[in-house]
Amino acid sequence: MTLTAPSEIAQRHLPLFDNKHLLLAGELEDDFVQQLSQRAASVTVFTTHHGFATRQKKASITVHAGATLDIDHPIDLVLFYWPKAKAEADYLLAMLTHALGKEVDWMVVGENRSGIKSIEKRFAPYGSISKYDAARRCSMYYGTCHTPASSFSLEAWFTDYPLTLGETSLTIRALPGVFSQKSLDDGTELLLRHLPSIKGNVLDVGCGAGVIGSYILATYPDCQVTLVDVNYLAIASSEATLAANGLDGQVLPSDMLDGVEATFNTIISNPPFHDGLDTRYSPTESLLRNVPSHLSKGGQLIVVANSFLRYPPIIKDSLGQCESIAKTRRFAVYHAYKTRE
């Protein structure tokens, strides 16, 4: 079993998990939970990541996946993996302390570069917590929640901002940690300003707050748009953005194309290349290689990416051709058609 550095520091203290009713939450990446299930009285996972949830369910681990936690059994220890976004950490601390209640112990682990050292300040409204161990450029904190958040409303955590491009105006709604939470990012803006003509069924992969899918629905009202993302905070954000603008689209959890069965006239994406604190290219490369099986003949792929990423050769290999239809110093918009079965 290959563990992340935060899991390795927690592994140094396995007796702390003995006979506990344990909840794992936060930036979960490895399968340490399966080792802990051999020691704890019970193990439950809460995750906002659809792919991680699917993997653990296959291993018969009890998983709650979503934007919020609704749990009907007591928890007396939380193993919390510090997320990369401090705003997301604040959200999860408030939501989880409210859901779990008081006198619950918290073990918090994370890489030092993730900002975990701010945990003492951020946990202060709920109880006391202090550093317990440090190793491999990671830290571990241990404490107890004495005063959980007295109330929690998902609605209160949305950030709203207006977006106007050409004649299309939208309200974007996003939860903490979701891409472009507070403003439109430059890559997506470049894509939308150079959008080819679109019709029929459209798939927005890695939808985030639903900017691309909502813009297409507002600009091309005859289109049918499906939005997918691996993150349940993004799913909730896209649903909220659609509702705020009176738009009707389908929003589904999917790890790139893994949960997609239909074929589409257009697949469009501003795909991520960061996962946690590290850079990962494999999810997007998988998307580009698998896209032909989800495009109808004559269908088109539209992707915006950082200019330095070597995606054109992969697109050419998948679809036979690739052109750059817009480019800046930082970003490029790539376009290709499916011309063969």
# chains A, B, ... in the order shown; residues from 1 in each chain; ligands from 1
$ residues_around --residues "segment 106-115 of chain A" --least-positions-apart "4" --cutoff "6 Å" --atoms "only C-alpha atoms" --output "PyMOL selection string"
chain A and resi 6+77-82+84+137-144
$ residues_around --residues "segment 89-91 of chain A" --least-positions-apart "6" --cutoff "8 Å" --atoms "only C-alpha atoms" --output "PyMOL selection string"
chain A and resi 26+82-83+122+157+176
$ closest_residue --among "A:Leu233, A:Ala41, A:Ile116, A:Val63" --to "Ala134 of chain A" --atoms "only C-alpha atoms"
A:Ile116
$ select_by_dssp --residues "segment 3-62 of chain A" --states "strand (DSSP E)" --output "list of chain:residue names"
A:His21, A:Leu22, A:Leu23, A:Leu24, A:Ala25, A:Gly26, A:Ser42, A:Val43, A:Thr44, A:Val45, A:Phe46, A:Thr47, A:Thr62
$ write_last_selection --atoms "N, CA, C and O atoms" --output "mmCIF file, in the first residue's frame"
data_model
loop_
_atom_site.group_PDB
_atom_site.id
_atom_site.type_symbol
_atom_site.label_atom_id
_atom_site.label_comp_id
_atom_site.auth_asym_id
_atom_site.auth_seq_id
_atom_site.Cartn_x
_atom_site.Cartn_y
_atom_site.Cartn_z
ATOM 1 N N HIS A 21 -14.652 5.005 16.737
ATOM 2 C CA HIS A 21 -15.601 5.181 15.634
ATOM 3 C C HIS A 21 -15.072 6.352 14.810
ATOM 4 O O HIS A 21 -15.219 7.511 15.181
ATOM 5 N N LEU A 22 -14.431 6.018 13.705
ATOM 6 C CA LEU A 22 -13.558 6.939 12.978
ATOM 7 C C LEU A 22 -14.228 7.477 11.716
ATOM 8 O O LEU A 22 -14.878 6.732 10.980
ATOM 9 N N LEU A 23 -14.027 8.771 11.481
ATOM 10 C CA LEU A 23 -14.434 9.393 10.218
ATOM 11 C C LEU A 23 -13.198 9.978 9.551
ATOM 12 O O LEU A 23 -12.447 10.732 10.177
ATOM 13 N N LEU A 24 -12.973 9.651 8.283
ATOM 14 C CA LEU A 24 -11.925 10.275 7.484
ATOM 15 C C LEU A 24 -12.564 11.303 6.563
ATOM 16 O O LEU A 24 -13.611 11.038 5.945
ATOM 17 N N ALA A 25 -11.930 12.474 6.440
ATOM 18 C CA ALA A 25 -12.477 13.533 5.601
ATOM 19 C C ALA A 25 -11.345 14.433 5.121
ATOM 20 O O ALA A 25 -10.215 14.347 5.600
ATOM 21 N N GLY A 26 -11.655 15.306 4.174
ATOM 22 C CA GLY A 26 -10.676 16.259 3.661
ATOM 23 C C GLY A 26 -10.047 15.799 2.363
ATOM 24 O O GLY A 26 -10.682 15.142 1.539
ATOM 25 N N SER A 42 -15.190 1.212 13.961
ATOM 26 C CA SER A 42 -15.903 1.438 12.702
ATOM 27 C C SER A 42 -15.177 2.531 11.938
ATOM 28 O O SER A 42 -14.532 3.395 12.537
ATOM 29 N N VAL A 43 -15.266 2.482 10.623
ATOM 30 C CA VAL A 43 -14.616 3.472 9.772
ATOM 31 C C VAL A 43 -15.619 3.972 8.739
ATOM 32 O O VAL A 43 -16.270 3.184 8.047
ATOM 33 N N THR A 44 -15.718 5.286 8.653
ATOM 34 C CA THR A 44 -16.590 5.938 7.679
ATOM 35 C C THR A 44 -15.778 6.984 6.938
ATOM 36 O O THR A 44 -14.912 7.639 7.533
ATOM 37 N N VAL A 45 -16.042 7.143 5.665
ATOM 38 C CA VAL A 45 -15.380 8.162 4.850
ATOM 39 C C VAL A 45 -16.400 9.202 4.432
ATOM 40 O O VAL A 45 -17.503 8.862 3.986
ATOM 41 N N PHE A 46 -16.048 10.476 4.588
ATOM 42 C CA PHE A 46 -16.787 11.548 3.930
ATOM 43 C C PHE A 46 -15.860 12.190 2.914
ATOM 44 O O PHE A 46 -14.746 12.614 3.251
ATOM 45 N N THR A 47 -16.307 12.260 1.676
ATOM 46 C CA THR A 47 -15.477 12.852 0.629
ATOM 47 C C THR A 47 -16.318 13.655 -0.334
ATOM 48 O O THR A 47 -17.482 13.330 -0.595
ATOM 49 N N THR A 62 -17.621 2.125 4.164
ATOM 50 C CA THR A 62 -18.806 2.974 4.242
ATOM 51 C C THR A 62 -18.441 4.396 3.835
ATOM 52 O O THR A 62 -17.558 5.013 4.442
#
$ atom_distance --atom1 "atom CA of Ile216 of chain A" --atom2 "atom CA of Leu319 of chain A"
23.2 Å
$ residues_around --residues "Ala67 of chain A" --least-positions-apart "6" --cutoff "7 Å" --atoms "only C-alpha atoms" --output "ChimeraX atom specification"
/A:48,232-233,236
$ write_last_selection --atoms "all heavy atoms" --output "mmCIF file, in the first residue's frame"
data_model
loop_
_atom_site.group_PDB
_atom_site.id
_atom_site.type_symbol
_atom_site.label_atom_id
_atom_site.label_comp_id
_atom_site.auth_asym_id
_atom_site.auth_seq_id
_atom_site.Cartn_x
_atom_site.Cartn_y
_atom_site.Cartn_z
ATOM 1 N N THR A 48 -15.720 14.708 -0.862
ATOM 2 C CA THR A 48 -16.355 15.492 -1.923
ATOM 3 C C THR A 48 -15.873 15.038 -3.293
ATOM 4 O O THR A 48 -16.236 15.642 -4.302
ATOM 5 C CB THR A 48 -16.037 16.993 -1.750
ATOM 6 O OG1 THR A 48 -14.608 17.186 -1.808
ATOM 7 C CG2 THR A 48 -16.566 17.511 -0.420
ATOM 8 N N TYR A 232 -17.975 17.099 -5.704
ATOM 9 C CA TYR A 232 -19.364 17.365 -5.362
ATOM 10 C C TYR A 232 -19.609 18.827 -4.988
ATOM 11 O O TYR A 232 -20.747 19.306 -5.084
ATOM 12 C CB TYR A 232 -19.824 16.444 -4.239
ATOM 13 C CG TYR A 232 -20.118 15.042 -4.725
ATOM 14 C CD1 TYR A 232 -19.182 14.022 -4.567
ATOM 15 C CD2 TYR A 232 -21.326 14.741 -5.342
ATOM 16 C CE1 TYR A 232 -19.448 12.735 -5.022
ATOM 17 C CE2 TYR A 232 -21.596 13.463 -5.796
ATOM 18 C CZ TYR A 232 -20.654 12.462 -5.635
ATOM 19 O OH TYR A 232 -20.919 11.192 -6.098
ATOM 20 N N LEU A 233 -18.588 19.548 -4.568
ATOM 21 C CA LEU A 233 -18.753 20.984 -4.350
ATOM 22 C C LEU A 233 -18.962 21.692 -5.690
ATOM 23 O O LEU A 233 -19.718 22.657 -5.785
ATOM 24 C CB LEU A 233 -17.544 21.559 -3.620
ATOM 25 C CG LEU A 233 -17.282 21.018 -2.212
ATOM 26 C CD1 LEU A 233 -16.052 21.682 -1.610
ATOM 27 C CD2 LEU A 233 -18.488 21.213 -1.307
ATOM 28 N N ALA A 236 -22.617 20.868 -6.817
ATOM 29 C CA ALA A 236 -23.573 21.753 -6.144
ATOM 30 C C ALA A 236 -23.485 23.172 -6.690
ATOM 31 O O ALA A 236 -24.507 23.862 -6.819
ATOM 32 C CB ALA A 236 -23.316 21.745 -4.633
#
$ residues_around --residues "segment 31-33 of chain A" --least-positions-apart "6" --cutoff "9 Å" --atoms "only C-alpha atoms" --output "ChimeraX atom specification"
/A:1-4,7-8,11,24,43-45,55-56,61
$ residues_around --residues "Ala305 of chain A" --least-positions-apart "6" --cutoff "10 Å" --atoms "only C-alpha atoms" --output "PDB file with N, CA and C atoms, in the first residue's frame"
ATOM      1  N   GLY A 187      -8.416  31.545 -18.874  1.00  0.00           N
ATOM      2  CA  GLY A 187      -8.525  30.484 -19.858  1.00  0.00           C
ATOM      3  C   GLY A 187      -9.961  30.283 -20.324  1.00  0.00           C
ATOM      4  N   THR A 188     -10.884  30.234 -19.381  1.00  0.00           N
ATOM      5  CA  THR A 188     -12.293  30.067 -19.748  1.00  0.00           C
ATOM      6  C   THR A 188     -12.801  31.261 -20.545  1.00  0.00           C
ATOM      7  N   LEU A 191     -11.703  30.877 -24.105  1.00  0.00           N
ATOM      8  CA  LEU A 191     -12.510  29.856 -24.777  1.00  0.00           C
ATOM      9  C   LEU A 191     -13.870  30.412 -25.172  1.00  0.00           C
ATOM     10  N   SER A 269     -14.211  21.562 -22.666  1.00  0.00           N
ATOM     11  CA  SER A 269     -13.603  21.450 -21.340  1.00  0.00           C
ATOM     12  C   SER A 269     -12.505  22.485 -21.134  1.00  0.00           C
ATOM     13  N   ASN A 270     -12.428  22.977 -19.918  1.00  0.00           N
ATOM     14  CA  ASN A 270     -11.231  23.629 -19.397  1.00  0.00           C
ATOM     15  C   ASN A 270     -10.702  22.683 -18.325  1.00  0.00           C
ATOM     16  N   PRO A 271      -9.960  21.662 -18.744  1.00  0.00           N
ATOM     17  CA  PRO A 271      -9.632  20.572 -17.823  1.00  0.00           C
ATOM     18  C   PRO A 271      -8.576  20.976 -16.804  1.00  0.00           C
ATOM     19  N   PRO A 272      -8.652  20.402 -15.606  1.00  0.00           N
ATOM     20  CA  PRO A 272      -7.644  20.692 -14.586  1.00  0.00           C
ATOM     21  C   PRO A 272      -6.344  19.975 -14.871  1.00  0.00           C
ATOM     22  N   PHE A 273      -5.232  20.570 -14.445  1.00  0.00           N
ATOM     23  CA  PHE A 273      -3.982  19.811 -14.450  1.00  0.00           C
ATOM     24  C   PHE A 273      -3.300  19.879 -13.090  1.00  0.00           C
ATOM     25  N   THR A 284      -6.467  14.536 -17.742  1.00  0.00           N
ATOM     26  CA  THR A 284      -6.789  15.214 -18.998  1.00  0.00           C
ATOM     27  C   THR A 284      -6.316  14.406 -20.196  1.00  0.00           C
ATOM     28  N   TYR A 311      -0.848  18.998 -25.413  1.00  0.00           N
ATOM     29  CA  TYR A 311      -2.076  18.291 -25.711  1.00  0.00           C
ATOM     30  C   TYR A 311      -2.347  18.092 -27.208  1.00  0.00           C
ATOM     31  N   LYS A 327      -5.129  31.918 -29.111  1.00  0.00           N
ATOM     32  CA  LYS A 327      -3.927  31.705 -28.306  1.00  0.00           C
ATOM     33  C   LYS A 327      -3.460  33.018 -27.711  1.00  0.00           C
ATOM     34  N   ARG A 330      -0.366  32.704 -22.409  1.00  0.00           N
ATOM     35  CA  ARG A 330      -0.584  31.697 -21.369  1.00  0.00           C
ATOM     36  C   ARG A 330      -1.483  30.540 -21.799  1.00  0.00           C
ATOM     37  N   PHE A 331      -2.462  30.805 -22.675  1.00  0.00           N
ATOM     38  CA  PHE A 331      -3.473  29.791 -22.963  1.00  0.00           C
ATOM     39  C   PHE A 331      -3.653  29.583 -24.457  1.00  0.00           C
ATOM     40  N   ALA A 332      -4.180  28.404 -24.808  1.00  0.00           N
ATOM     41  CA  ALA A 332      -4.542  28.098 -26.190  1.00  0.00           C
ATOM     42  C   ALA A 332      -5.864  27.346 -26.190  1.00  0.00           C
ATOM     43  N   VAL A 333      -6.675  27.624 -27.208  1.00  0.00           N
ATOM     44  CA  VAL A 333      -7.935  26.909 -27.399  1.00  0.00           C
ATOM     45  C   VAL A 333      -7.758  25.972 -28.585  1.00  0.00           C
ATOM     46  N   TYR A 334      -7.968  24.678 -28.339  1.00  0.00           N
ATOM     47  CA  TYR A 334      -7.785  23.665 -29.372  1.00  0.00           C
ATOM     48  C   TYR A 334      -9.137  23.142 -29.845  1.00  0.00           C
TER      49      TYR A 334
END
$ select_by_dssp --residues "segment 11-226 of chain A" --states "helix (DSSP H, G or I)" --output "PyMOL selection string"
chain A and resi 11+14-17+32-36+50-58+86-100+112-114+116-123+154-157+186-193+211-219
$ write_last_selection --atoms "C-alpha atoms" --output "compact mmCIF listing (two decimals), in the first residue's frame"
# COMPACT_ATOMS: atom_id res chain seq x y z
CA GLN A 11 0.41 5.79 10.57
CA LEU A 14 -1.92 3.71 14.99
CA PRO A 15 -2.85 3.03 18.66
CA LEU A 16 -4.81 6.31 18.65
CA PHE A 17 -7.30 4.67 16.26
CA PHE A 32 -4.95 4.23 4.29
CA VAL A 33 -8.60 3.89 5.30
CA GLN A 34 -8.44 0.18 4.50
CA GLN A 35 -5.59 -0.31 6.98
CA LEU A 36 -7.47 1.68 9.62
CA HIS A 50 -16.56 11.14 -6.67
CA GLY A 51 -13.60 9.08 -7.89
CA PHE A 52 -12.27 8.46 -4.38
CA ALA A 53 -15.76 7.54 -3.18
CA THR A 54 -16.20 5.01 -5.98
CA ARG A 55 -12.86 3.36 -5.23
CA GLN A 56 -13.58 2.98 -1.51
CA LYS A 57 -17.09 1.64 -2.08
CA LYS A 58 -15.56 -1.11 -4.21
CA LYS A 86 -8.07 27.47 3.18
CA ALA A 87 -11.60 28.59 2.32
CA GLU A 88 -12.51 24.94 1.71
CA ALA A 89 -10.91 24.00 5.05
CA ASP A 90 -13.09 26.59 6.81
CA TYR A 91 -16.16 25.24 5.04
CA LEU A 92 -15.41 21.64 5.99
CA LEU A 93 -14.60 22.49 9.61
CA ALA A 94 -17.90 24.32 10.03
CA MET A 95 -19.95 21.68 8.23
CA LEU A 96 -18.34 18.68 9.92
CA THR A 97 -18.31 20.04 13.48
CA HIS A 98 -22.01 20.87 13.10
CA ALA A 99 -22.78 17.40 11.73
CA LEU A 100 -20.73 15.46 14.30
CA ASN A 112 3.38 22.12 5.62
CA ARG A 113 3.15 23.88 2.24
CA SER A 114 -0.64 23.34 2.29
CA ILE A 116 -1.87 23.37 7.78
CA LYS A 117 -0.08 25.55 10.34
CA SER A 118 -3.15 27.81 10.34
CA ILE A 119 -5.23 25.01 11.87
CA GLU A 120 -4.78 26.28 15.43
CA LYS A 121 -6.37 29.61 14.50
CA ARG A 122 -9.06 28.12 12.28
CA PHE A 123 -10.05 25.43 14.79
CA LEU A 154 -24.93 25.47 2.48
CA GLU A 155 -26.48 28.58 0.96
CA ALA A 156 -24.39 30.84 3.21
CA TRP A 157 -21.14 29.50 1.70
CA ASP A 186 -8.53 33.89 -18.16
CA GLY A 187 -8.53 30.48 -19.86
CA THR A 188 -12.29 30.07 -19.75
CA GLU A 189 -12.80 33.64 -20.93
CA LEU A 190 -10.54 33.01 -23.94
CA LEU A 191 -12.51 29.86 -24.78
CA LEU A 192 -15.91 31.55 -24.52
CA ARG A 193 -14.83 34.55 -26.61
CA VAL A 211 -19.62 28.71 -16.30
CA ILE A 212 -19.12 27.04 -19.69
CA GLY A 213 -22.28 24.94 -19.65
CA SER A 214 -24.42 27.85 -18.46
CA TYR A 215 -22.98 30.17 -21.10
CA ILE A 216 -23.77 27.66 -23.85
CA LEU A 217 -27.34 27.18 -22.60
CA ALA A 218 -27.87 30.95 -22.43
CA THR A 219 -26.28 31.64 -25.82
$ atom_distance --atom1 "atom CA of Ser180 of chain A" --atom2 "atom CA of Val205 of chain A"
15.1 Å
$ atom_distance --atom1 "atom CA of Gly200 of chain A" --atom2 "atom CA of Cys223 of chain A"
5.0 Å
$ closest_residue --among "A:Gly101, A:Gly177, A:Pro125, A:Pro196" --to "Tyr220 of chain A" --atoms "only C-alpha atoms"
A:Pro196
$ residues_around --residues "Glu285 of chain A" --least-positions-apart "5" --cutoff "12 Å" --atoms "only C-alpha atoms" --output "NGL selection string"
:A and (256-257 or 271-273 or 280 or 290-291 or 303 or 305 or 309-315 or 317-318)
$ closest_residue --among "A:Gln321, A:Ser238, A:Ser282, A:Gln250" --to "Thr226 of chain A" --atoms "only C-alpha atoms"
A:Gln250
